[in-house]
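Q: So here's coords-v3.csv, just CSV, C-alpha atoms:
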```csv
chain,number,residue,atom,x,y,z
A,30,MET,CA,0.0,0.0,0.0
A,31,THR,CA,2.8,2.4,0.9
A,32,ASN,CA,4.5,1.8,-2.5
A,33,ARG,CA,1.2,2.3,-4.3
A,34,ALA,CA,0.5,5.6,-2.4
A,35,THR,CA,4.0,6.9,-3.0
A,36,SER,CA,4.0,6.0,-6.6
A,37,ARG,CA,0.7,7.9,-7.4
A,38,PRO,CA,1.0,11.6,-6.4
A,39,GLY,CA,1.1,12.5,-10.1
A,40,GLY,CA,3.1,15.5,-11.2
A,41,ARG,CA,4.1,16.6,-7.7
A,42,ALA,CA,5.8,13.4,-6.8
A,43,SER,CA,8.5,15.0,-4.7
A,44,ARG,CA,10.0,13.1,-1.9
A,45,VAL,CA,8.1,15.2,0.7
A,46,MET,CA,4.8,14.4,-1.0
A,47,ALA,CA,5.6,10.7,-1.2
A,48,ALA,CA,6.4,10.7,2.5
A,49,VAL,CA,3.2,12.5,3.3
A,50,TYR,CA,1.1,10.1,1.2
A,51,ALA,CA,2.8,7.1,2.7
A,52,SER,CA,2.3,8.4,6.2
A,53,VAL,CA,-1.4,9.0,5.7
A,54,GLY,CA,-1.7,5.5,4.2
A,55,GLN,CA,0.0,4.0,7.2
A,56,LEU,CA,-2.1,6.0,9.7
A,57,VAL,CA,-5.4,5.1,7.9
A,58,GLY,CA,-4.2,1.5,7.6
A,59,GLU,CA,-3.5,1.4,11.4
A,60,GLY,CA,-7.1,2.6,12.0
A,61,ALA,CA,-5.9,5.8,13.6
A,62,THR,CA,-9.0,7.8,14.5
A,63,ARG,CA,-7.4,11.2,15.0
A,64,ILE,CA,-5.3,12.1,12.0
A,65,SER,CA,-4.1,15.7,12.2
A,66,PHE,CA,-1.4,17.7,10.3
A,67,PRO,CA,1.0,17.4,13.3
A,68,VAL,CA,0.5,13.6,13.5
A,69,ILE,CA,1.1,13.2,9.8
A,70,ALA,CA,4.1,15.6,9.7
A,71,GLU,CA,5.8,13.7,12.6
A,72,ARG,CA,5.3,10.4,10.9
A,73,ALA,CA,6.5,11.7,7.5
A,74,GLY,CA,9.4,13.6,9.1
A,75,VAL,CA,8.4,16.9,7.5
A,76,ASN,CA,7.6,20.3,8.8
A,77,PRO,CA,3.9,20.7,9.6
A,78,THR,CA,3.9,24.1,7.9
A,79,THR,CA,4.5,22.3,4.6
A,80,LEU,CA,1.1,20.6,5.1
A,81,TYR,CA,-0.7,23.7,6.2
A,82,ARG,CA,0.6,25.5,3.1
A,83,ARG,CA,-0.4,22.9,0.6
A,84,TRP,CA,-3.9,21.7,1.9
A,85,ASN,CA,-6.7,23.8,3.4
A,86,ASP,CA,-7.3,21.2,6.1
A,87,VAL,CA,-6.5,17.6,6.9
A,88,ASN,CA,-9.7,16.4,5.3
A,89,ALA,CA,-8.6,17.7,1.9
A,90,LEU,CA,-5.3,15.8,2.3
A,91,LEU,CA,-7.2,12.6,3.4
A,92,GLU,CA,-9.5,12.9,0.4
A,93,GLU,CA,-6.7,13.4,-2.0
A,94,VAL,CA,-4.9,10.2,-0.7
A,95,ALA,CA,-8.2,8.3,-0.8
A,96,VAL,CA,-8.9,9.2,-4.4
A,97,ALA,CA,-5.4,8.1,-5.4
A,98,ALA,CA,-5.8,4.8,-3.6
A,99,LEU,CA,-9.3,4.2,-4.8
A,100,THR,CA,-8.8,4.8,-8.5
A,101,GLY,CA,-5.5,3.0,-8.9
A,102,ASP,CA,-6.6,-0.2,-10.6
A,103,GLY,CA,-8.7,-0.3,-13.7
A,104,ASP,CA,-7.4,3.1,-14.8
A,105,VAL,CA,-7.3,2.0,-18.4
A,106,PRO,CA,-10.8,0.7,-19.3
A,107,PRO,CA,-10.8,-2.7,-21.1
A,108,ASP,CA,-11.3,-2.7,-24.9
A,109,THR,CA,-12.6,-6.2,-25.8
A,110,GLY,CA,-14.8,-5.2,-28.7
A,111,SER,CA,-18.0,-5.6,-26.7
A,112,LEU,CA,-19.6,-3.2,-24.2
A,113,SER,CA,-21.0,-6.0,-22.1
A,114,GLU,CA,-17.5,-7.7,-21.8
A,115,ASP,CA,-15.8,-4.3,-21.3
A,116,LEU,CA,-18.1,-3.3,-18.5
A,117,THR,CA,-18.0,-6.8,-16.8
A,118,GLN,CA,-14.2,-6.8,-16.8
A,119,TRP,CA,-14.1,-3.2,-15.6
A,120,ALA,CA,-16.7,-3.7,-12.8
A,121,THR,CA,-15.1,-6.9,-11.5
A,122,VAL,CA,-11.6,-5.3,-11.4
A,123,ILE,CA,-13.1,-2.4,-9.4
A,124,ALA,CA,-15.0,-4.8,-7.1
A,125,ALA,CA,-11.9,-6.8,-6.4
A,126,ASP,CA,-9.9,-3.6,-5.8
A,127,ILE,CA,-12.3,-1.9,-3.4
A,128,THR,CA,-12.9,-5.0,-1.3
A,129,ARG,CA,-9.2,-5.1,-0.3
A,130,PRO,CA,-9.2,-4.2,3.4
A,131,GLU,CA,-6.8,-1.3,3.0
A,132,ARG,CA,-8.9,0.2,0.2
A,133,THR,CA,-12.0,-0.3,2.3
A,134,ARG,CA,-10.3,1.7,5.1
A,135,TYR,CA,-9.4,4.5,2.7
A,136,LEU,CA,-13.0,4.6,1.4
A,137,ARG,CA,-14.3,4.9,5.0
A,138,ALA,CA,-11.7,7.6,5.7
A,139,MET,CA,-13.0,9.4,2.6
A,140,VAL,CA,-16.6,9.2,3.8
A,141,SER,CA,-15.7,10.5,7.3
A,142,ALA,CA,-13.7,13.4,5.7
A,143,ARG,CA,-16.8,14.6,3.8
A,144,ALA,CA,-18.4,16.8,6.5
A,145,GLU,CA,-20.0,19.1,3.9
A,146,LEU,CA,-21.9,18.4,0.7
A,147,VAL,CA,-19.5,18.2,-2.3
A,148,SER,CA,-20.5,19.3,-5.8
A,149,SER,CA,-18.5,16.5,-7.4
A,150,CYS,CA,-16.6,13.5,-6.2
A,151,PRO,CA,-13.1,13.0,-7.8
A,152,VAL,CA,-13.5,9.2,-7.6
A,153,MET,CA,-16.8,9.4,-9.6
A,154,GLU,CA,-15.2,11.8,-12.1
A,155,THR,CA,-12.4,9.4,-12.7
A,156,ARG,CA,-14.9,6.6,-13.3
A,157,ARG,CA,-17.0,8.9,-15.5
A,158,GLY,CA,-14.0,9.3,-17.9
A,159,GLN,CA,-13.5,5.6,-18.2
A,160,VAL,CA,-17.2,4.9,-18.8
A,161,ALA,CA,-17.4,7.7,-21.4
A,162,GLU,CA,-14.6,6.0,-23.3
A,163,MET,CA,-16.2,2.5,-23.3
A,164,VAL,CA,-19.6,3.9,-24.2
A,165,ARG,CA,-18.1,6.0,-27.1
A,166,ARG,CA,-16.4,2.9,-28.5
A,167,ALA,CA,-19.6,0.9,-28.2
A,168,ARG,CA,-21.7,3.5,-30.1
A,169,THR,CA,-19.0,3.7,-32.8
A,170,ARG,CA,-19.4,-0.1,-33.2
A,171,GLY,CA,-23.1,0.5,-33.5
A,172,GLU,CA,-24.0,-1.2,-30.2
A,173,SER,CA,-26.9,0.2,-28.2
A,174,ALA,CA,-25.5,1.5,-24.9
A,175,PRO,CA,-26.9,3.0,-21.6
A,176,THR,CA,-25.9,6.6,-20.8
A,177,VAL,CA,-22.7,7.3,-18.9
A,178,GLU,CA,-24.8,8.5,-16.0
A,179,GLN,CA,-26.8,5.3,-15.9
A,180,ILE,CA,-23.6,3.2,-15.7
A,181,LEU,CA,-22.3,5.4,-12.9
A,182,ASP,CA,-25.6,5.3,-11.0
A,183,HIS,CA,-26.3,1.6,-11.5
A,184,VAL,CA,-22.8,0.0,-11.4
A,185,ILE,CA,-20.5,2.3,-9.5
A,186,SER,CA,-22.9,3.6,-6.9
A,187,PRO,CA,-24.2,0.2,-5.7
A,188,LEU,CA,-20.6,-1.1,-5.5
A,189,TYR,CA,-19.5,1.8,-3.3
A,190,HIS,CA,-22.7,1.7,-1.3
A,191,ARG,CA,-22.1,-1.9,-0.4
A,192,ILE,CA,-18.5,-1.2,0.6
A,193,ALA,CA,-19.4,1.8,2.7
A,194,PHE,CA,-22.1,-0.2,4.5
A,195,ALA,CA,-19.8,-3.3,5.0
A,196,LEU,CA,-22.0,-5.5,2.8
A,197,GLU,CA,-20.5,-8.3,0.7
A,198,VAL,CA,-19.3,-7.5,-2.8
A,199,ASP,CA,-18.1,-10.2,-5.2
A,200,ASP,CA,-17.7,-10.8,-9.0
A,201,ASP,CA,-21.3,-12.2,-9.3
A,202,TYR,CA,-22.7,-9.0,-7.8
A,203,ALA,CA,-20.6,-6.8,-10.1
A,204,SER,CA,-21.6,-8.9,-13.2
A,205,ARG,CA,-25.3,-8.7,-12.2
A,206,LEU,CA,-25.2,-4.9,-12.0
A,207,VAL,CA,-23.7,-4.8,-15.5
A,208,CYS,CA,-26.4,-7.1,-16.9
A,209,ASP,CA,-29.1,-4.8,-15.2
A,210,VAL,CA,-27.7,-1.6,-16.6
A,211,LEU,CA,-27.4,-3.1,-20.1
A,212,ALA,CA,-31.1,-4.1,-20.0
A,213,MET,CA,-31.9,-0.4,-19.7
A,214,ALA,CA,-30.6,0.2,-23.2
A,215,ARG,CA,-32.4,-2.7,-24.9
B,22,MET,CA,-35.4,14.1,16.3
B,23,THR,CA,-35.4,13.3,20.0
B,24,ASN,CA,-39.2,12.6,19.9
B,25,ARG,CA,-38.8,10.4,16.9
B,26,ALA,CA,-35.9,8.4,18.4
B,27,THR,CA,-37.7,8.0,21.7
B,28,SER,CA,-40.9,6.9,20.0
B,29,ARG,CA,-39.3,4.1,18.0
B,30,PRO,CA,-37.6,1.6,20.2
B,31,GLY,CA,-40.3,-0.9,19.4
B,32,GLY,CA,-41.4,-3.5,22.0
B,33,ARG,CA,-38.8,-2.4,24.6
B,34,ALA,CA,-39.9,1.1,24.9
B,35,SER,CA,-39.1,1.4,28.6
B,36,ARG,CA,-38.3,4.8,30.0
B,37,VAL,CA,-34.6,3.8,30.2
B,38,MET,CA,-34.5,2.8,26.6
B,39,ALA,CA,-36.2,6.0,25.5
B,40,ALA,CA,-33.6,8.0,27.5
B,41,VAL,CA,-30.8,6.0,25.9
B,42,TYR,CA,-32.1,6.5,22.4
B,43,ALA,CA,-32.6,10.2,22.9
B,44,SER,CA,-29.1,10.6,24.3
B,45,VAL,CA,-27.5,8.8,21.4
B,46,GLY,CA,-29.6,11.0,19.1
B,47,GLN,CA,-28.4,14.2,20.9
B,48,LEU,CA,-24.8,13.1,20.9
B,49,VAL,CA,-24.8,12.2,17.2
B,50,GLY,CA,-26.7,15.4,16.5
B,51,GLU,CA,-24.0,17.4,18.3
B,52,GLY,CA,-21.4,15.7,16.1
B,53,ALA,CA,-19.7,14.1,19.1
B,54,THR,CA,-16.8,12.0,17.9
B,55,ARG,CA,-16.2,9.8,20.9
B,56,ILE,CA,-19.5,8.2,21.9
B,57,SER,CA,-18.9,5.6,24.6
B,58,PHE,CA,-21.2,3.8,27.0
B,59,PRO,CA,-20.2,6.0,30.0
B,60,VAL,CA,-20.8,9.1,27.9
B,61,ILE,CA,-24.3,7.9,26.9
B,62,ALA,CA,-25.1,6.7,30.3
B,63,GLU,CA,-24.3,10.0,31.9
B,64,ARG,CA,-26.4,11.9,29.4
B,65,ALA,CA,-29.3,9.5,29.8
B,66,GLY,CA,-29.0,9.5,33.6
B,67,VAL,CA,-28.8,5.6,33.6
B,68,ASN,CA,-26.3,3.2,35.1
B,69,PRO,CA,-23.6,2.2,32.5
B,70,THR,CA,-24.0,-1.4,33.4
B,71,THR,CA,-27.5,-1.3,31.9
B,72,LEU,CA,-25.9,-0.5,28.6
B,73,TYR,CA,-23.1,-3.1,28.9
B,74,ARG,CA,-25.8,-5.7,29.7
B,75,ARG,CA,-28.0,-5.0,26.8
B,76,TRP,CA,-25.6,-4.3,23.9
B,77,ASN,CA,-22.3,-6.0,23.0
B,78,ASP,CA,-20.6,-2.8,22.3
B,79,VAL,CA,-21.4,0.9,21.6
B,80,ASN,CA,-21.4,0.3,17.9
B,81,ALA,CA,-24.3,-2.2,18.2
B,82,LEU,CA,-26.3,0.5,20.1
B,83,LEU,CA,-25.3,3.2,17.5
B,84,GLU,CA,-26.5,1.0,14.7
B,85,GLU,CA,-29.7,0.2,16.4
B,86,VAL,CA,-30.5,3.9,16.8
B,87,ALA,CA,-29.4,4.6,13.3
B,88,VAL,CA,-31.7,1.9,11.8
B,89,ALA,CA,-34.6,3.3,13.8
B,90,ALA,CA,-33.9,6.8,12.6
B,91,LEU,CA,-33.2,5.9,9.0
B,92,THR,CA,-36.3,3.8,8.4
B,93,GLY,CA,-38.8,6.0,10.1
B,94,ASP,CA,-40.5,7.6,7.1
B,95,GLY,CA,-42.0,5.7,4.2
B,96,ASP,CA,-42.7,2.8,6.5
B,97,VAL,CA,-46.0,2.1,4.7
B,98,PRO,CA,-45.3,1.8,1.0
B,99,PRO,CA,-47.7,3.8,-1.2
B,100,ASP,CA,-50.5,2.0,-3.0
B,101,THR,CA,-51.5,4.2,-6.0
B,102,GLY,CA,-52.5,1.4,-8.4
B,103,SER,CA,-49.3,1.8,-10.5
B,104,LEU,CA,-45.9,0.5,-9.7
B,105,SER,CA,-44.2,3.5,-11.4
B,106,GLU,CA,-46.1,5.9,-9.2
B,107,ASP,CA,-45.7,3.8,-6.1
B,108,LEU,CA,-41.9,3.6,-6.5
B,109,THR,CA,-41.6,7.3,-7.4
B,110,GLN,CA,-43.5,8.4,-4.3
B,111,TRP,CA,-41.6,5.9,-2.1
B,112,ALA,CA,-38.2,6.9,-3.5
B,113,THR,CA,-38.8,10.7,-3.2
B,114,VAL,CA,-40.0,10.3,0.4
B,115,ILE,CA,-36.8,8.3,1.2
B,116,ALA,CA,-34.7,10.9,-0.6
B,117,ALA,CA,-36.3,13.8,1.3
B,118,ASP,CA,-35.9,11.9,4.5
B,119,ILE,CA,-32.2,10.9,4.3
B,120,THR,CA,-31.1,14.3,3.2
B,121,ARG,CA,-32.3,15.9,6.4
B,122,PRO,CA,-29.0,16.8,8.2
B,123,GLU,CA,-29.7,14.8,11.3
B,124,ARG,CA,-30.5,11.7,9.3
B,125,THR,CA,-27.3,12.1,7.3
B,126,ARG,CA,-25.4,12.3,10.5
B,127,TYR,CA,-27.0,9.0,11.7
B,128,LEU,CA,-26.2,7.4,8.4
B,129,ARG,CA,-22.6,8.4,8.7
B,130,ALA,CA,-22.5,7.1,12.3
B,131,MET,CA,-23.8,3.8,11.0
B,132,VAL,CA,-21.1,3.6,8.4
B,133,SER,CA,-18.4,4.3,11.0
B,134,ALA,CA,-20.0,1.7,13.3
B,135,ARG,CA,-19.6,-1.0,10.7
B,136,ALA,CA,-16.0,-2.1,11.3
B,137,GLU,CA,-16.7,-5.7,10.2
B,138,LEU,CA,-18.5,-7.1,7.2
B,139,VAL,CA,-22.1,-7.6,8.0
B,140,SER,CA,-24.2,-10.4,6.5
B,141,SER,CA,-27.3,-8.2,6.2
B,142,CYS,CA,-28.2,-4.6,6.8
B,143,PRO,CA,-31.3,-3.9,8.8
B,144,VAL,CA,-32.0,-0.8,6.8
B,145,MET,CA,-31.9,-2.7,3.5
B,146,GLU,CA,-34.1,-5.5,5.0
B,147,THR,CA,-36.7,-3.0,6.0
B,148,ARG,CA,-36.7,-1.5,2.5
B,149,ARG,CA,-36.8,-5.1,1.0
B,150,GLY,CA,-40.1,-5.7,2.8
B,151,GLN,CA,-41.6,-2.5,1.4
B,152,VAL,CA,-40.4,-3.3,-2.1
B,153,ALA,CA,-41.7,-6.8,-2.0
B,154,GLU,CA,-45.1,-5.6,-1.2
B,155,MET,CA,-45.2,-3.0,-4.0
B,156,VAL,CA,-43.9,-5.6,-6.5
B,157,ARG,CA,-46.4,-8.2,-5.4
B,158,ARG,CA,-49.3,-5.8,-5.9
B,159,ALA,CA,-48.0,-4.8,-9.3
B,160,ARG,CA,-47.7,-8.4,-10.5
B,161,THR,CA,-51.2,-9.1,-9.2
B,162,ARG,CA,-52.4,-6.3,-11.4
B,163,GLY,CA,-50.6,-7.9,-14.3
B,164,GLU,CA,-47.9,-5.2,-14.5
B,165,SER,CA,-44.4,-6.2,-15.5
B,166,ALA,CA,-42.0,-5.4,-12.7
B,167,PRO,CA,-38.3,-5.6,-12.0
B,168,THR,CA,-37.2,-8.0,-9.2
B,169,VAL,CA,-37.1,-6.9,-5.6
B,170,GLU,CA,-33.3,-7.2,-5.7
B,171,GLN,CA,-33.0,-4.9,-8.8
B,172,ILE,CA,-35.1,-2.2,-7.0
B,173,LEU,CA,-32.9,-2.3,-3.9
B,174,ASP,CA,-29.7,-2.3,-6.0
B,175,HIS,CA,-30.7,0.4,-8.4
B,176,VAL,CA,-32.9,2.8,-6.3
B,177,ILE,CA,-31.9,2.3,-2.7
B,178,SER,CA,-28.1,1.7,-3.1
B,179,PRO,CA,-27.5,4.8,-5.3
B,180,LEU,CA,-29.4,7.0,-2.9
B,181,TYR,CA,-27.5,5.8,0.1
B,182,HIS,CA,-24.2,6.0,-1.8
B,183,ARG,CA,-24.8,9.6,-2.6
B,184,ILE,CA,-25.7,10.4,1.0
B,185,ALA,CA,-22.6,8.6,2.4
B,186,PHE,CA,-20.3,10.4,-0.1
B,187,ALA,CA,-21.9,13.8,0.5
B,188,LEU,CA,-23.2,14.1,-3.1
B,189,GLU,CA,-26.5,15.9,-3.8
B,190,VAL,CA,-29.7,14.0,-3.7
B,191,ASP,CA,-33.0,15.5,-4.9
B,192,ASP,CA,-36.5,14.4,-6.2
B,193,ASP,CA,-35.3,14.4,-9.8
B,194,TYR,CA,-32.5,12.0,-9.0
B,195,ALA,CA,-34.8,9.7,-7.1
B,196,SER,CA,-37.4,9.7,-10.0
B,197,ARG,CA,-34.6,9.1,-12.6
B,198,LEU,CA,-33.5,6.0,-10.7
B,199,VAL,CA,-37.1,4.7,-10.7
B,200,CYS,CA,-37.4,5.2,-14.4
B,201,ASP,CA,-34.1,3.4,-15.0
B,202,VAL,CA,-35.1,0.4,-12.9
B,203,LEU,CA,-38.5,0.1,-14.6
B,204,ALA,CA,-36.7,0.0,-17.9
B,205,MET,CA,-35.1,-3.2,-16.8
B,206,ALA,CA,-38.5,-4.9,-16.8
B,207,ARG,CA,-39.7,-3.8,-20.2
```
Could you render the structure from this file as structure tokens?

A:
Amino acid sequence: MTNRATSRPGGRASRVMAAVYASVGQLVGEGATRISFPVIAERAGVNPTTLYRRWNDVNALLEEVAVAALTGDGDVPPDTGSLSEDLTQWATVIAADITRPERTRYLRAMVSARAELVSSCPVMETRRGQVAEMVRRARTRGESAPTVEQILDHVISPLYHRIAFALEVDDDYASRLVCDVLAMAR
Amino acid sequence: MTNRATSRPGGRASRVMAAVYASVGQLVGEGATRISFPVIAERAGVNPTTLYRRWNDVNALLEEVAVAALTGDGDVPPDTGSLSEDLTQWATVIAADITRPERTRYLRAMVSARAELVSSCPVMETRRGQVAEMVRRARTRGESAPTVEQILDHVISPLYHRIAFALEVDDDYASRLVCDVLAMAR
């Protein structure tokens, strides 16, 4: 998990950021309930002012790390030549990914960090881009396809709902959601 | 909220239970982050041993209160003579209900209380009973209807997902989910 977190800060992959991400990952992984800038700074061996300068508050940092951790796998949507197969592969990869205990912990950290209504969710936006690509290819091939919004609402939302509420998620469930959403387009 | 919580402990509506429910409701409502048996007992003016005897741990109590609070409205599913209208009314009542700030807080408390995978979720089971009744009536009238599972996965799950992740929920969203799930049965 630490490697994953440190390898994903995108363009600002400085050593400081890598240490901060890794420390947040460790703290969340340990189930720490009070994660503050001073706690993270101490763990990362950086000056707390670095954190105060870069993020508005600790929730913004937690959310950033959670997004990086939650959208790691399945970043390149499959391209099998069939929307049904693309979506099934994509949904089962996501299901397998978010059921890993450390990812589930991140997801819960993200839920707790959201004290205020957000206008958009970076995790959903990442998924939206992937869905749009699969739907575009399907339509180019002449396949009927549900809308991007329908796939997000009826595949991604139920998966995340089950994870947040600690209900079981498996491949069969992910495949069933895909069958259901495809039935909307028939 | 206090009235609602105290009026819903079901068969064991003793004065002690009412005080305990009301105290949990107040503490969650105040955004208290560390809710323990001693804290609840002090607020409710009861002996902590009463709590230790009745619930395994504080999370079990929090979940019980959350379930009572989250399934309060919409307990009697509508009966309009049309599945589409029944589901739309039912989903918009739930949407309005779970977006009330104190309900959202309960829902988040419930998510945090779920440290371990649960085999079933009392909130979902309550909704399942309501859905089964609406679907049964629709089939008796000769209407085509999605399965109970599809309605839970594609109406309830997306609503709870959005609430947990602090995304906007409104009537239009609830109605759209109902249209989508009905399209699965056509």

Q: Identify every residue of chain B that has at least one atom within 8 Å of any atom of chain A, counting only C-alpha atoms, and report the result as a ChimeraX atom specification.

A: /B:129,131-133,135-142,171,174-175,178-179,181-183,185-189,198,201-202,204-205

Q: Taking all atoms of segment 129-134 of chain A that the file lists and extending 3 Å past them on each side, where is the centre of the axis-aligned box and how long are its edges? Answer in Å to one decimal, as lines of an AutoDock Vina configuration file.

A:
```
center_x = -9.4
center_y = -1.7
center_z = 2.4
size_x = 11.2
size_y = 12.8
size_z = 11.4
```

Q: In Å to one decimal, how far is atom CA of Val177 of chain A from atom CA of Ala159 of chain B?

A: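 A separation of 29.6 Å between them.
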
Q: Choose the residue, out of B:Ser57, B:Ser44, B:Thr125, B:Thr147, that has the smallest atom-to-atom separation from Val79 of chain B; count only C-alpha atoms.

A: B:Ser57

Q: Identify, on the basis of only C-alpha atoms, every residue whose closest approach to Thr113 of chain B does not exceed 8 Å; exclude the query and any residue fewer than 4 positions from it along the same chain; express the result as a list in words.

A: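 Contacts, in chain order: Thr109, Ala117, Asp191, Asp192, Ala195 and Ser196 of chain B.
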
Q: Atom CA of Asp104 of chain A and atom CA of Ala51 of chain A, how far apart in Å?

A: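 That distance, rounded to one decimal, is 20.6 Å.
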
Q: So how far away is atom CA of Val199 of chain B from atom CA of Glu106 of chain B, in Å?

A: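 Result for atom CA of Glu106 of chain B versus atom CA of Val199 of chain B: 9.2 Å, one decimal.
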
Q: Return the single residue from A:Pro151, A:Arg168, A:Arg132, A:Ala120 that is closest to Asp201 of chain A, with distances computed using all atoms listed in the file.

A: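 Closest to Asp201 of chain A, using all atoms listed in the file: A:Ala120.
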
Q: So which residues touch Arg72 of chain A within 12 Å, counting only C-alpha atoms, skipping near sequence neighbours fewer than 4 positions away, as a PyMOL selection string?

A: chain A and resi 45+48-56+64-68+76-77

Q: Select, counting only C-alpha atoms, all protein, DNA and RNA residues no farther than 12 Å from (-23.2, -1.1, -31.7) in file coordinates, and express the selection as an NGL selection string.

A: :A and (110-113 or 163-175 or 214-215)
